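Structure below is work19.cif: mmCIF, C-alpha atoms.
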data_protein
loop_
_atom_site.group_PDB
_atom_site.id
_atom_site.type_symbol
_atom_site.label_atom_id
_atom_site.label_comp_id
_atom_site.auth_asym_id
_atom_site.auth_seq_id
_atom_site.Cartn_x
_atom_site.Cartn_y
_atom_site.Cartn_z
ATOM 1 C CA MET A 72 -164.817 89.078 -30.252
ATOM 2 C CA THR A 73 -164.848 88.319 -33.963
ATOM 3 C CA ILE A 74 -165.360 91.712 -35.511
ATOM 4 C CA VAL A 75 -163.442 94.483 -37.265
ATOM 5 C CA ALA A 76 -165.500 97.667 -37.447
ATOM 6 C CA ALA A 77 -167.358 96.697 -34.315
ATOM 7 C CA LEU A 78 -164.106 96.619 -32.369
ATOM 8 C CA PHE A 79 -164.790 100.292 -31.899
ATOM 9 C CA PHE A 80 -168.480 99.634 -31.223
ATOM 10 C CA VAL A 81 -169.692 101.463 -34.313
ATOM 11 C CA CYS A 82 -173.350 100.625 -34.705
ATOM 12 C CA SER A 83 -174.979 100.194 -38.099
ATOM 13 C CA ALA A 84 -178.322 99.109 -39.439
ATOM 14 C CA THR A 85 -176.860 95.737 -40.422
ATOM 15 C CA ALA A 86 -174.880 95.116 -37.219
ATOM 16 C CA ARG A 87 -175.130 91.648 -35.765
ATOM 17 C CA GLU A 88 -176.274 91.138 -32.208
ATOM 18 C CA ARG A 89 -173.678 91.857 -29.549
ATOM 19 C CA TRP A 90 -173.543 89.388 -26.672
ATOM 20 C CA LEU A 91 -171.779 90.111 -23.389
ATOM 21 C CA PHE A 92 -170.715 87.461 -20.876
ATOM 22 C CA LEU A 93 -170.200 88.572 -17.263
ATOM 23 C CA GLY A 94 -169.075 86.434 -14.344
ATOM 24 C CA ASP A 95 -166.173 85.562 -12.078
ATOM 25 C CA SER A 96 -162.860 83.779 -12.770
ATOM 26 C CA ILE A 97 -164.614 80.918 -14.545
ATOM 27 C CA THR A 98 -165.982 83.343 -17.129
ATOM 28 C CA GLN A 99 -162.683 85.213 -17.221
ATOM 29 C CA ALA A 100 -160.956 81.921 -18.119
ATOM 30 C CA GLY A 101 -163.523 81.956 -20.885
ATOM 31 C CA HIS A 102 -163.160 78.533 -22.482
ATOM 32 C CA TYR A 103 -166.930 78.074 -22.526
ATOM 33 C CA VAL A 104 -167.373 81.515 -24.087
ATOM 34 C CA ASP A 105 -164.788 80.720 -26.781
ATOM 35 C CA TYR A 106 -166.497 77.395 -27.471
ATOM 36 C CA VAL A 107 -169.904 79.032 -27.896
ATOM 37 C CA GLU A 108 -168.478 81.701 -30.192
ATOM 38 C CA THR A 109 -166.627 79.118 -32.291
ATOM 39 C CA TRP A 110 -169.810 77.111 -32.735
ATOM 40 C CA PHE A 111 -171.801 80.151 -33.864
ATOM 41 C CA LEU A 112 -169.110 81.268 -36.313
ATOM 42 C CA LEU A 113 -169.050 77.855 -37.947
ATOM 43 C CA ASN A 114 -172.793 77.279 -37.971
ATOM 44 C CA GLU A 115 -174.703 80.552 -38.321
ATOM 45 C CA GLU A 116 -174.204 83.243 -40.919
ATOM 46 C CA ASP A 117 -175.427 85.958 -38.555
ATOM 47 C CA ALA A 118 -173.246 84.821 -35.658
ATOM 48 C CA PRO A 119 -173.339 87.325 -32.801
ATOM 49 C CA GLU A 120 -170.396 89.475 -31.783
ATOM 50 C CA ILE A 121 -169.317 88.116 -28.405
ATOM 51 C CA LEU A 122 -167.428 89.829 -25.596
ATOM 52 C CA GLY A 123 -166.279 88.020 -22.464
ATOM 53 C CA LEU A 124 -165.681 90.396 -19.557
ATOM 54 C CA GLY A 125 -165.660 87.962 -16.653
ATOM 55 C CA LEU A 126 -163.471 89.039 -13.727
ATOM 56 C CA SER A 127 -161.559 86.856 -11.314
ATOM 57 C CA SER A 128 -162.762 87.005 -7.675
ATOM 58 C CA GLU A 129 -165.837 89.063 -8.571
ATOM 59 C CA THR A 130 -169.203 88.676 -6.866
ATOM 60 C CA ILE A 131 -172.709 89.901 -7.510
ATOM 61 C CA SER A 132 -173.428 89.817 -3.781
ATOM 62 C CA GLY A 133 -170.908 92.490 -2.786
ATOM 63 C CA LEU A 134 -169.466 90.226 -0.068
ATOM 64 C CA SER A 135 -165.852 89.340 0.704
ATOM 65 C CA GLU A 136 -164.340 86.955 3.257
ATOM 66 C CA PRO A 137 -162.072 88.434 5.944
ATOM 67 C CA ASP A 138 -158.871 86.749 4.780
ATOM 68 C CA HIS A 139 -159.207 87.577 1.081
ATOM 69 C CA PRO A 140 -156.075 89.504 0.036
ATOM 70 C CA TYR A 141 -158.180 92.445 -1.159
ATOM 71 C CA PRO A 142 -161.917 93.187 -1.098
ATOM 72 C CA ARG A 143 -163.553 91.073 -3.757
ATOM 73 C CA PRO A 144 -164.613 93.131 -6.783
ATOM 74 C CA TYR A 145 -168.334 93.822 -6.965
ATOM 75 C CA VAL A 146 -169.865 93.733 -10.438
ATOM 76 C CA HIS A 147 -172.135 96.682 -9.691
ATOM 77 C CA ASP A 148 -169.107 98.918 -9.257
ATOM 78 C CA ARG A 149 -168.395 98.526 -12.990
ATOM 79 C CA LEU A 150 -171.661 97.421 -14.563
ATOM 80 C CA ASP A 151 -172.930 100.858 -15.597
ATOM 81 C CA LYS A 152 -169.662 101.651 -17.397
ATOM 82 C CA VAL A 153 -169.563 98.223 -19.030
ATOM 83 C CA LEU A 154 -173.091 98.583 -20.388
ATOM 84 C CA GLU A 155 -172.363 102.096 -21.617
ATOM 85 C CA ARG A 156 -169.192 101.055 -23.452
ATOM 86 C CA VAL A 157 -170.309 97.709 -24.840
ATOM 87 C CA LYS A 158 -173.971 98.455 -25.612
ATOM 88 C CA PRO A 159 -174.937 94.762 -25.655
ATOM 89 C CA ASP A 160 -178.132 93.288 -27.032
ATOM 90 C CA LEU A 161 -177.919 90.274 -24.717
ATOM 91 C CA VAL A 162 -176.112 89.796 -21.399
ATOM 92 C CA PHE A 163 -175.225 86.421 -19.884
ATOM 93 C CA ALA A 164 -174.450 86.534 -16.152
ATOM 94 C CA CYS A 165 -172.827 83.572 -14.383
ATOM 95 C CA TYR A 166 -172.331 84.338 -10.687
ATOM 96 C CA GLY A 167 -172.454 82.422 -7.440
ATOM 97 C CA MET A 168 -169.169 80.609 -6.922
ATOM 98 C CA ASN A 169 -167.678 83.459 -4.869
ATOM 99 C CA CYS A 170 -170.936 85.031 -3.765
ATOM 100 C CA ALA A 171 -171.517 82.924 -0.642
ATOM 101 C CA ILE A 172 -167.810 83.488 0.161
ATOM 102 C CA TYR A 173 -167.281 79.773 0.869
ATOM 103 C CA HIS A 174 -169.417 79.848 4.029
ATOM 104 C CA PRO A 175 -172.304 77.611 5.052
ATOM 105 C CA PHE A 176 -175.698 78.752 3.832
ATOM 106 C CA SER A 177 -177.132 81.812 5.520
ATOM 107 C CA LYS A 178 -180.209 83.862 4.710
ATOM 108 C CA GLU A 179 -178.189 87.062 4.999
ATOM 109 C CA ARG A 180 -175.649 86.050 2.349
ATOM 110 C CA PHE A 181 -178.377 84.576 0.150
ATOM 111 C CA ASN A 182 -180.346 87.829 0.351
ATOM 112 C CA ALA A 183 -177.246 89.765 -0.749
ATOM 113 C CA TYR A 184 -176.938 87.467 -3.771
ATOM 114 C CA GLN A 185 -180.597 87.874 -4.650
ATOM 115 C CA ARG A 186 -180.382 91.662 -4.369
ATOM 116 C CA GLY A 187 -177.365 91.704 -6.654
ATOM 117 C CA VAL A 188 -179.062 89.581 -9.291
ATOM 118 C CA ARG A 189 -182.236 91.662 -9.227
ATOM 119 C CA LYS A 190 -180.163 94.827 -9.543
ATOM 120 C CA LEU A 191 -178.298 93.425 -12.539
ATOM 121 C CA VAL A 192 -181.526 92.444 -14.272
ATOM 122 C CA ARG A 193 -182.941 95.943 -13.770
ATOM 123 C CA LYS A 194 -179.808 97.680 -15.029
ATOM 124 C CA VAL A 195 -179.374 95.475 -18.074
ATOM 125 C CA GLN A 196 -183.007 95.769 -19.103
ATOM 126 C CA LYS A 197 -182.940 99.532 -18.549
ATOM 127 C CA ALA A 198 -179.963 99.646 -20.930
ATOM 128 C CA GLY A 199 -182.147 97.950 -23.554
ATOM 129 C CA ALA A 200 -180.618 94.472 -23.431
ATOM 130 C CA GLU A 201 -182.022 91.033 -22.688
ATOM 131 C CA VAL A 202 -180.759 88.929 -19.783
ATOM 132 C CA ILE A 203 -179.837 85.255 -19.532
ATOM 133 C CA LEU A 204 -178.908 84.114 -16.026
ATOM 134 C CA LEU A 205 -176.659 81.071 -15.706
ATOM 135 C CA THR A 206 -176.392 78.982 -12.579
ATOM 136 C CA PRO A 207 -173.024 78.783 -10.867
ATOM 137 C CA PRO A 208 -171.069 75.660 -11.838
ATOM 138 C CA PRO A 209 -170.579 73.033 -9.131
ATOM 139 C CA TYR A 210 -168.037 73.276 -6.350
ATOM 140 C CA ALA A 211 -166.137 69.979 -6.576
ATOM 141 C CA GLY A 212 -165.377 69.482 -2.907
ATOM 142 C CA ARG A 213 -166.133 65.757 -3.080
ATOM 143 C CA VAL A 214 -163.461 65.324 -5.781
ATOM 144 C CA LYS A 215 -160.818 67.735 -4.506
ATOM 145 C CA PRO A 216 -161.676 68.373 -0.854
ATOM 146 C CA LYS A 217 -160.194 71.270 1.074
ATOM 147 C CA PRO A 218 -160.023 71.360 4.873
ATOM 148 C CA GLY A 219 -162.561 73.532 6.635
ATOM 149 C CA PRO A 220 -161.452 76.159 9.129
ATOM 150 C CA SER A 221 -159.812 75.215 12.388
ATOM 151 C CA GLU A 222 -161.435 76.415 15.569
ATOM 152 C CA GLY A 223 -161.444 80.204 15.569
ATOM 153 C CA GLU A 224 -160.606 80.482 11.845
ATOM 154 C CA PRO A 225 -163.063 82.067 9.394
ATOM 155 C CA TYR A 226 -164.553 80.302 6.398
ATOM 156 C CA GLY A 227 -163.115 81.399 3.075
ATOM 157 C CA TYR A 228 -161.604 80.304 -0.218
ATOM 158 C CA LYS A 229 -158.777 78.454 1.533
ATOM 159 C CA THR A 230 -161.014 77.010 4.266
ATOM 160 C CA PRO A 231 -164.418 76.393 2.677
ATOM 161 C CA SER A 232 -167.545 74.965 4.187
ATOM 162 C CA PRO A 233 -167.648 71.212 3.442
ATOM 163 C CA ASP A 234 -171.195 71.548 2.081
ATOM 164 C CA TYR A 235 -170.392 74.464 -0.228
ATOM 165 C CA ASN A 236 -171.677 72.687 -3.347
ATOM 166 C CA GLU A 237 -175.032 72.233 -1.614
ATOM 167 C CA VAL A 238 -175.008 75.960 -0.845
ATOM 168 C CA LEU A 239 -174.412 76.711 -4.534
ATOM 169 C CA GLY A 240 -177.153 74.247 -5.422
ATOM 170 C CA ARG A 241 -179.636 76.395 -3.487
ATOM 171 C CA TYR A 242 -178.373 79.485 -5.303
ATOM 172 C CA ALA A 243 -178.732 77.669 -8.622
ATOM 173 C CA ASP A 244 -182.290 76.563 -7.831
ATOM 174 C CA TRP A 245 -183.221 80.172 -7.182
ATOM 175 C CA ILE A 246 -181.605 81.326 -10.432
ATOM 176 C CA LEU A 247 -183.761 78.856 -12.346
ATOM 177 C CA THR A 248 -186.933 80.373 -10.859
ATOM 178 C CA TRP A 249 -186.220 83.362 -13.130
ATOM 179 C CA GLN A 250 -186.923 81.366 -16.291
ATOM 180 C CA GLY A 251 -189.676 83.205 -18.143
ATOM 181 C CA LYS A 252 -190.108 85.781 -15.381
ATOM 182 C CA LYS A 253 -189.877 89.492 -16.235
ATOM 183 C CA GLY A 254 -188.536 88.663 -19.683
ATOM 184 C CA VAL A 255 -185.505 86.836 -18.268
ATOM 185 C CA ARG A 256 -184.178 83.462 -19.364
ATOM 186 C CA ALA A 257 -182.341 81.216 -16.889
ATOM 187 C CA TYR A 258 -180.323 78.099 -17.687
ATOM 188 C CA SER A 259 -178.331 75.542 -15.726
ATOM 189 C CA VAL A 260 -174.703 74.695 -16.515
ATOM 190 C CA ARG A 261 -174.324 72.299 -13.576
ATOM 191 C CA GLU A 262 -175.622 68.921 -14.702
ATOM 192 C CA GLY A 263 -173.121 68.307 -17.483
ATOM 193 C CA ILE A 264 -170.180 68.984 -15.191
ATOM 194 C CA GLU A 265 -171.651 66.975 -12.318
ATOM 195 C CA ALA A 266 -171.891 63.915 -14.573
ATOM 196 C CA TYR A 267 -168.136 64.022 -15.203
ATOM 197 C CA MET A 268 -166.951 65.717 -12.023
ATOM 198 C CA GLU A 269 -163.703 63.751 -11.625
ATOM 199 C CA LYS A 270 -162.595 64.626 -15.143
ATOM 200 C CA CYS A 271 -163.476 68.319 -14.798
ATOM 201 C CA TYR A 272 -161.495 69.122 -11.639
ATOM 202 C CA PRO A 273 -158.006 67.571 -11.777
ATOM 203 C CA LYS A 274 -156.354 70.122 -9.468
ATOM 204 C CA GLU A 275 -158.788 72.044 -7.232
ATOM 205 C CA PRO A 276 -162.543 72.313 -6.619
ATOM 206 C CA VAL A 277 -163.409 75.816 -7.837
ATOM 207 C CA HIS A 278 -162.275 76.111 -11.453
ATOM 208 C CA PRO A 279 -163.339 73.446 -13.960
ATOM 209 C CA ASN A 280 -160.727 72.648 -16.574
ATOM 210 C CA ALA A 281 -161.239 73.158 -20.318
ATOM 211 C CA PHE A 282 -163.241 69.923 -20.551
ATOM 212 C CA GLY A 283 -165.599 71.239 -17.865
ATOM 213 C CA HIS A 284 -165.974 74.467 -19.811
ATOM 214 C CA TYR A 285 -166.847 72.496 -22.941
ATOM 215 C CA LEU A 286 -169.608 70.766 -21.005
ATOM 216 C CA MET A 287 -170.861 74.188 -19.849
ATOM 217 C CA ALA A 288 -170.867 75.400 -23.447
ATOM 218 C CA GLU A 289 -172.731 72.356 -24.716
ATOM 219 C CA SER A 290 -175.316 72.798 -21.953
ATOM 220 C CA LEU A 291 -175.762 76.426 -22.969
ATOM 221 C CA LEU A 292 -176.038 75.651 -26.682
ATOM 222 C CA GLU A 293 -178.653 73.020 -25.871
ATOM 223 C CA ALA A 294 -180.579 75.506 -23.709
ATOM 224 C CA LEU A 295 -180.476 78.004 -26.595
ATOM 225 C CA GLY A 296 -182.138 75.402 -28.787
ATOM 226 C CA LYS A 297 -179.090 74.654 -30.932
ATOM 227 C CA GLU A 298 -178.234 71.266 -32.411
ATOM 228 C CA SER A 299 -174.542 71.368 -31.645
ATOM 229 C CA GLY A 300 -173.650 68.164 -33.476
ATOM 230 C CA SER A 301 -171.750 66.888 -30.444
ATOM 231 C CA GLU A 302 -172.520 63.969 -28.134
ATOM 232 C CA LEU A 303 -170.266 65.328 -25.407
ATOM 233 C CA LEU A 304 -173.008 65.627 -22.791
ATOM 234 C CA ASP A 305 -174.127 62.049 -23.419
ATOM 235 C CA THR A 306 -170.784 60.302 -23.795
ATOM 236 C CA GLY A 307 -168.147 62.543 -22.204
ATOM 237 C CA VAL A 308 -166.147 62.213 -25.430
ATOM 238 C CA SER A 309 -165.505 65.224 -27.649
ATOM 239 C CA THR A 310 -165.195 64.849 -31.399
ATOM 240 C CA ARG A 311 -164.092 68.478 -31.660
ATOM 241 C CA ASP A 312 -160.497 67.463 -30.907
ATOM 242 C CA GLU A 313 -160.426 65.560 -34.192
ATOM 243 C CA ASP A 314 -161.671 68.554 -36.211
ATOM 244 C CA ALA A 315 -158.666 70.600 -37.341
ATOM 245 C CA ARG A 316 -160.792 73.511 -38.584
ATOM 246 C CA TRP A 317 -162.687 73.720 -35.285
ATOM 247 C CA THR A 318 -159.443 73.603 -33.295
ATOM 248 C CA GLU A 319 -157.754 76.320 -35.359
ATOM 249 C CA LEU A 320 -160.770 78.624 -35.170
ATOM 250 C CA TYR A 321 -161.186 78.026 -31.440
ATOM 251 C CA GLN A 322 -157.551 78.990 -30.866
ATOM 252 C CA LEU A 323 -157.910 82.183 -32.903
ATOM 253 C CA VAL A 324 -161.081 83.154 -31.027
ATOM 254 C CA SER A 325 -159.320 82.530 -27.716
ATOM 255 C CA GLN A 326 -156.312 84.627 -28.723
ATOM 256 C CA GLN A 327 -158.568 87.452 -29.823
ATOM 257 C CA ARG A 328 -160.433 87.435 -26.527
ATOM 258 C CA LYS A 329 -157.203 87.539 -24.527
ATOM 259 C CA ALA A 330 -155.946 90.440 -26.638
ATOM 260 C CA TYR A 331 -159.010 92.660 -26.900
ATOM 261 C CA ASP A 332 -161.573 91.717 -24.269
ATOM 262 C CA MET A 333 -159.066 91.819 -21.423
ATOM 263 C CA ALA A 334 -157.685 95.146 -22.630
ATOM 264 C CA LEU A 335 -161.190 96.591 -22.836
ATOM 265 C CA MET A 336 -162.047 95.364 -19.340
ATOM 266 C CA ASN A 337 -158.901 96.983 -17.974
ATOM 267 C CA ASP A 338 -159.653 100.221 -19.807
ATOM 268 C CA ILE A 339 -163.169 100.342 -18.348
ATOM 269 C CA GLY A 340 -161.871 99.532 -14.855
ATOM 270 C CA HIS A 341 -162.749 96.674 -12.535
ATOM 271 C CA GLY A 342 -161.056 96.584 -9.126
ATOM 272 C CA ASN A 343 -158.917 93.442 -9.295
ATOM 273 C CA PRO A 344 -155.251 94.462 -8.863
ATOM 274 C CA GLY A 345 -153.939 91.068 -9.925
ATOM 275 C CA VAL A 346 -155.787 91.167 -13.243
ATOM 276 C CA MET A 347 -154.656 94.736 -13.875
ATOM 277 C CA LYS A 348 -151.028 93.605 -13.720
ATOM 278 C CA ARG A 349 -151.510 90.594 -15.994
ATOM 279 C CA VAL A 350 -153.236 92.265 -18.948
ATOM 280 C CA LYS A 351 -150.849 92.095 -21.882
ATOM 281 C CA TYR A 352 -152.088 94.889 -24.136
ATOM 282 C CA SER A 353 -153.303 98.464 -23.893
ATOM 283 C CA LEU A 354 -156.696 99.049 -25.477
ATOM 284 C CA ALA A 355 -155.156 100.405 -28.695
ATOM 285 C CA GLU A 356 -152.750 97.466 -28.880
ATOM 286 C CA GLY A 357 -155.570 95.045 -28.174
ATOM 287 C CA GLU A 358 -157.674 96.537 -30.969
ATOM 288 C CA ALA A 359 -154.778 96.195 -33.411
ATOM 289 C CA LYS A 360 -154.045 92.610 -32.404
ATOM 290 C CA ALA A 361 -157.718 91.676 -32.590
ATOM 291 C CA ALA A 362 -157.966 93.170 -36.097
ATOM 292 C CA GLU A 363 -155.022 91.015 -37.223
ATOM 293 C CA LEU A 364 -156.635 87.914 -35.789
ATOM 294 C CA GLU A 365 -159.950 88.865 -37.389
ATOM 295 C CA LYS A 366 -158.352 88.590 -40.820
ATOM 296 C CA GLU A 367 -157.175 85.086 -39.998
ATOM 297 C CA ILE A 368 -160.610 84.139 -38.692
ATOM 298 C CA ARG A 369 -162.368 85.421 -41.802
ATOM 299 C CA ALA A 370 -159.890 83.666 -44.087
ATOM 300 C CA LEU A 371 -160.490 80.396 -42.251
ATOM 301 C CA LEU A 372 -164.272 80.789 -42.447
ATOM 302 C CA ASP A 373 -164.059 81.553 -46.193
ATOM 303 C CA GLU A 374 -162.189 78.332 -46.977
#
When written as structure tokens, how does the structure in this file appear?
Amino acid sequence: MTIVAALFFVCSATARERWLFLGDSITQAGHYVDYVETWFLLNEEDAPEILGLGLSSETISGLSEPDHPYPRPYVHDRLDKVLERVKPDLVFACYGMNCAIYHPFSKERFNAYQRGVRKLVRKVQKAGAEVILLTPPPYAGRVKPKPGPSEGEPYGYKTPSPDYNEVLGRYADWILTWQGKKGVRAYSVREGIEAYMEKCYPKEPVHPNAFGHYLMAESLLEALGKESGSELLDTGVSTRDEDARWTELYQLVSQQRKAYDMALMNDIGHGNPGVMKRVKYSLAEGEAKAAELEKEIRALLDE
């Protein structure tokens, strides 16, 4: 989050828009969020303040598979507090990967997902913010297949349904029906990754690597009507790696998010014991570290 005074969420008449990204571990990894923020900082004078509060293992459906080591966090257990603390103008929500809990499609699980999305839209709009829904990214089972359950075993993260990407495709299709409905925008982040699937998932099928995140970010910038100046979606080749100023700013933005956003999420509370243990800074320490990084960011932008 590239701000100084707004680290403490002090509102003013001249405050820039505040954007909040919510989602599961893919949003917590946050490379696509960092990429979007870096682009705005370099290209728009009134770049929004951006917070990434994605949480590993989280769902919007409220479901959890039997063999998960702890009940999956449910975004609605923290959403009210998040909205109260952050006071966003715009909320991006990217859910789905965990929400069908790696099972074959079922109407019951799909209904739970739909209820969760509708509830989020209502809460965010009631808080005075706009909503952009993002489709779940693909599940790359065809690139990095995992064995399904043996007889008598349940489906789950370790033993997913072999057609899980098709399940997520149905969830994504439904998300896109929100475009223009009830003041909501809805965008897909799937196509860019699907075009370069092998390159995006070198290790496992759930979490795209940084390259996959960059494709997500370019898809989002395109959907927002921005001329990003990159041909990444067309060619699969990024020119950003050759831009020293871009790379330095991206790294500073990423460091700031890890310092402050994670500390804020922990301070608000979220329900993932693993994340609680891994957060490096208290909120006060995160604020101080973010303020230091902000000076470096501003100096770089003023060059």
Using all atoms listed in the file, find each residue in segment 176-228 of chain A having at least one atom no more than 8 Å away from segment 123-133 of chain A; report its shortest atom-to-atom pair and that distance in Å (one decimal), rows by chain then rising number, as JSON lines.
{"residue": "A:Arg180", "atom": "CA", "partner": "A:Ser132", "partner_atom": "CA", "distance": 7.5}
{"residue": "A:Ala183", "atom": "CA", "partner": "A:Ser132", "partner_atom": "CA", "distance": 4.9}
{"residue": "A:Tyr184", "atom": "CA", "partner": "A:Ser132", "partner_atom": "CA", "distance": 4.2}
{"residue": "A:Gln185", "atom": "CA", "partner": "A:Ser132", "partner_atom": "CA", "distance": 7.5}
{"residue": "A:Arg186", "atom": "CA", "partner": "A:Ser132", "partner_atom": "CA", "distance": 7.2}
{"residue": "A:Gly187", "atom": "CA", "partner": "A:Ile131", "partner_atom": "CA", "distance": 5.1}
{"residue": "A:Val188", "atom": "CA", "partner": "A:Ile131", "partner_atom": "CA", "distance": 6.6}
When you draw a straight line from atom CA of Tyr141 of chain A to atom CA of Pro344 of chain A, how long is it in Å? 8.5 Å
Sorted per-residue table, segment 297-361 of chain A near segment 91-99 of chain A, closest atoms and distance, 12 Å, only C-alpha atoms, as JSON lines:
{"residue": "A:Ser325", "atom": "CA", "partner": "A:Gln99", "partner_atom": "CA", "distance": 11.3}
{"residue": "A:Arg328", "atom": "CA", "partner": "A:Gln99", "partner_atom": "CA", "distance": 9.8}
{"residue": "A:Lys329", "atom": "CA", "partner": "A:Gln99", "partner_atom": "CA", "distance": 9.4}
{"residue": "A:Asp332", "atom": "CA", "partner": "A:Gln99", "partner_atom": "CA", "distance": 9.7}
{"residue": "A:Met333", "atom": "CA", "partner": "A:Gln99", "partner_atom": "CA", "distance": 8.6}
{"residue": "A:Met336", "atom": "CA", "partner": "A:Gln99", "partner_atom": "CA", "distance": 10.4}
{"residue": "A:His341", "atom": "CA", "partner": "A:Asp95", "partner_atom": "CA", "distance": 11.6}
{"residue": "A:Asn343", "atom": "CA", "partner": "A:Ser96", "partner_atom": "CA", "distance": 11.0}
{"residue": "A:Gly345", "atom": "CA", "partner": "A:Ser96", "partner_atom": "CA", "distance": 11.9}
{"residue": "A:Val346", "atom": "CA", "partner": "A:Gln99", "partner_atom": "CA", "distance": 9.9}
{"residue": "A:Val350", "atom": "CA", "partner": "A:Gln99", "partner_atom": "CA", "distance": 11.9}
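Residue nearest Ser353 of chain A within the list A:Ile121, A:Ala334, A:Cys165, A:Leu304: A:Ala334 [criterion: smallest interatomic distance, all atoms listed in the file].
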If the PyMOL selection byres ((chain A and resi 87) around 8) were run on this exact file, what residues would it hold? Put them as an mmCIF file with C-alpha atoms, in the frame of the given file.
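The result, written out as result_24.cif:
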data_model
loop_
_atom_site.group_PDB
_atom_site.id
_atom_site.type_symbol
_atom_site.label_atom_id
_atom_site.label_comp_id
_atom_site.auth_asym_id
_atom_site.auth_seq_id
_atom_site.Cartn_x
_atom_site.Cartn_y
_atom_site.Cartn_z
ATOM 1 C CA THR A 85 -176.860 95.737 -40.422
ATOM 2 C CA ALA A 86 -174.880 95.116 -37.219
ATOM 3 C CA GLU A 88 -176.274 91.138 -32.208
ATOM 4 C CA ARG A 89 -173.678 91.857 -29.549
ATOM 5 C CA ASP A 117 -175.427 85.958 -38.555
ATOM 6 C CA ALA A 118 -173.246 84.821 -35.658
ATOM 7 C CA PRO A 119 -173.339 87.325 -32.801
ATOM 8 C CA GLU A 120 -170.396 89.475 -31.783
#
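Taking atom CA of Tyr242 of chain A and atom CA of Phe181 of chain A as endpoints, the distance between them is 7.5 Å.
Remark: for Ser259 of chain A, the closest of the candidate residues A:Pro220, A:Gly240, A:Gly227, A:Gly283 is A:Gly240 (distances computed over all atoms listed in the file).
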Can you spell out as a VMD selection string the set of residues that the PyMOL selection byres ((chain A and resi 360) around 12) selects in the structure I just provided? chain A and resid 72 to 75 78 323 to 324 326 to 332 334 351 to 359 361 to 367
Same residues, C-alpha atoms, output as a PDB file, in the coordinates of the input:
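Result file result_26.pdb:
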ATOM      1  CA  MET A  72    -164.817  89.078 -30.252  1.00  0.00           C
ATOM      2  CA  THR A  73    -164.848  88.319 -33.963  1.00  0.00           C
ATOM      3  CA  ILE A  74    -165.360  91.712 -35.511  1.00  0.00           C
ATOM      4  CA  VAL A  75    -163.442  94.483 -37.265  1.00  0.00           C
ATOM      5  CA  LEU A  78    -164.106  96.619 -32.369  1.00  0.00           C
ATOM      6  CA  LEU A 323    -157.910  82.183 -32.903  1.00  0.00           C
ATOM      7  CA  VAL A 324    -161.081  83.154 -31.027  1.00  0.00           C
ATOM      8  CA  GLN A 326    -156.312  84.627 -28.723  1.00  0.00           C
ATOM      9  CA  GLN A 327    -158.568  87.452 -29.823  1.00  0.00           C
ATOM     10  CA  ARG A 328    -160.433  87.435 -26.527  1.00  0.00           C
ATOM     11  CA  LYS A 329    -157.203  87.539 -24.527  1.00  0.00           C
ATOM     12  CA  ALA A 330    -155.946  90.440 -26.638  1.00  0.00           C
ATOM     13  CA  TYR A 331    -159.010  92.660 -26.900  1.00  0.00           C
ATOM     14  CA  ASP A 332    -161.573  91.717 -24.269  1.00  0.00           C
ATOM     15  CA  ALA A 334    -157.685  95.146 -22.630  1.00  0.00           C
ATOM     16  CA  LYS A 351    -150.849  92.095 -21.882  1.00  0.00           C
ATOM     17  CA  TYR A 352    -152.088  94.889 -24.136  1.00  0.00           C
ATOM     18  CA  SER A 353    -153.303  98.464 -23.893  1.00  0.00           C
ATOM     19  CA  LEU A 354    -156.696  99.049 -25.477  1.00  0.00           C
ATOM     20  CA  ALA A 355    -155.156 100.405 -28.695  1.00  0.00           C
ATOM     21  CA  GLU A 356    -152.750  97.466 -28.880  1.00  0.00           C
ATOM     22  CA  GLY A 357    -155.570  95.045 -28.174  1.00  0.00           C
ATOM     23  CA  GLU A 358    -157.674  96.537 -30.969  1.00  0.00           C
ATOM     24  CA  ALA A 359    -154.778  96.195 -33.411  1.00  0.00           C
ATOM     25  CA  ALA A 361    -157.718  91.676 -32.590  1.00  0.00           C
ATOM     26  CA  ALA A 362    -157.966  93.170 -36.097  1.00  0.00           C
ATOM     27  CA  GLU A 363    -155.022  91.015 -37.223  1.00  0.00           C
ATOM     28  CA  LEU A 364    -156.635  87.914 -35.789  1.00  0.00           C
ATOM     29  CA  GLU A 365    -159.950  88.865 -37.389  1.00  0.00           C
ATOM     30  CA  LYS A 366    -158.352  88.590 -40.820  1.00  0.00           C
ATOM     31  CA  GLU A 367    -157.175  85.086 -39.998  1.00  0.00           C
TER      32      GLU A 367
END
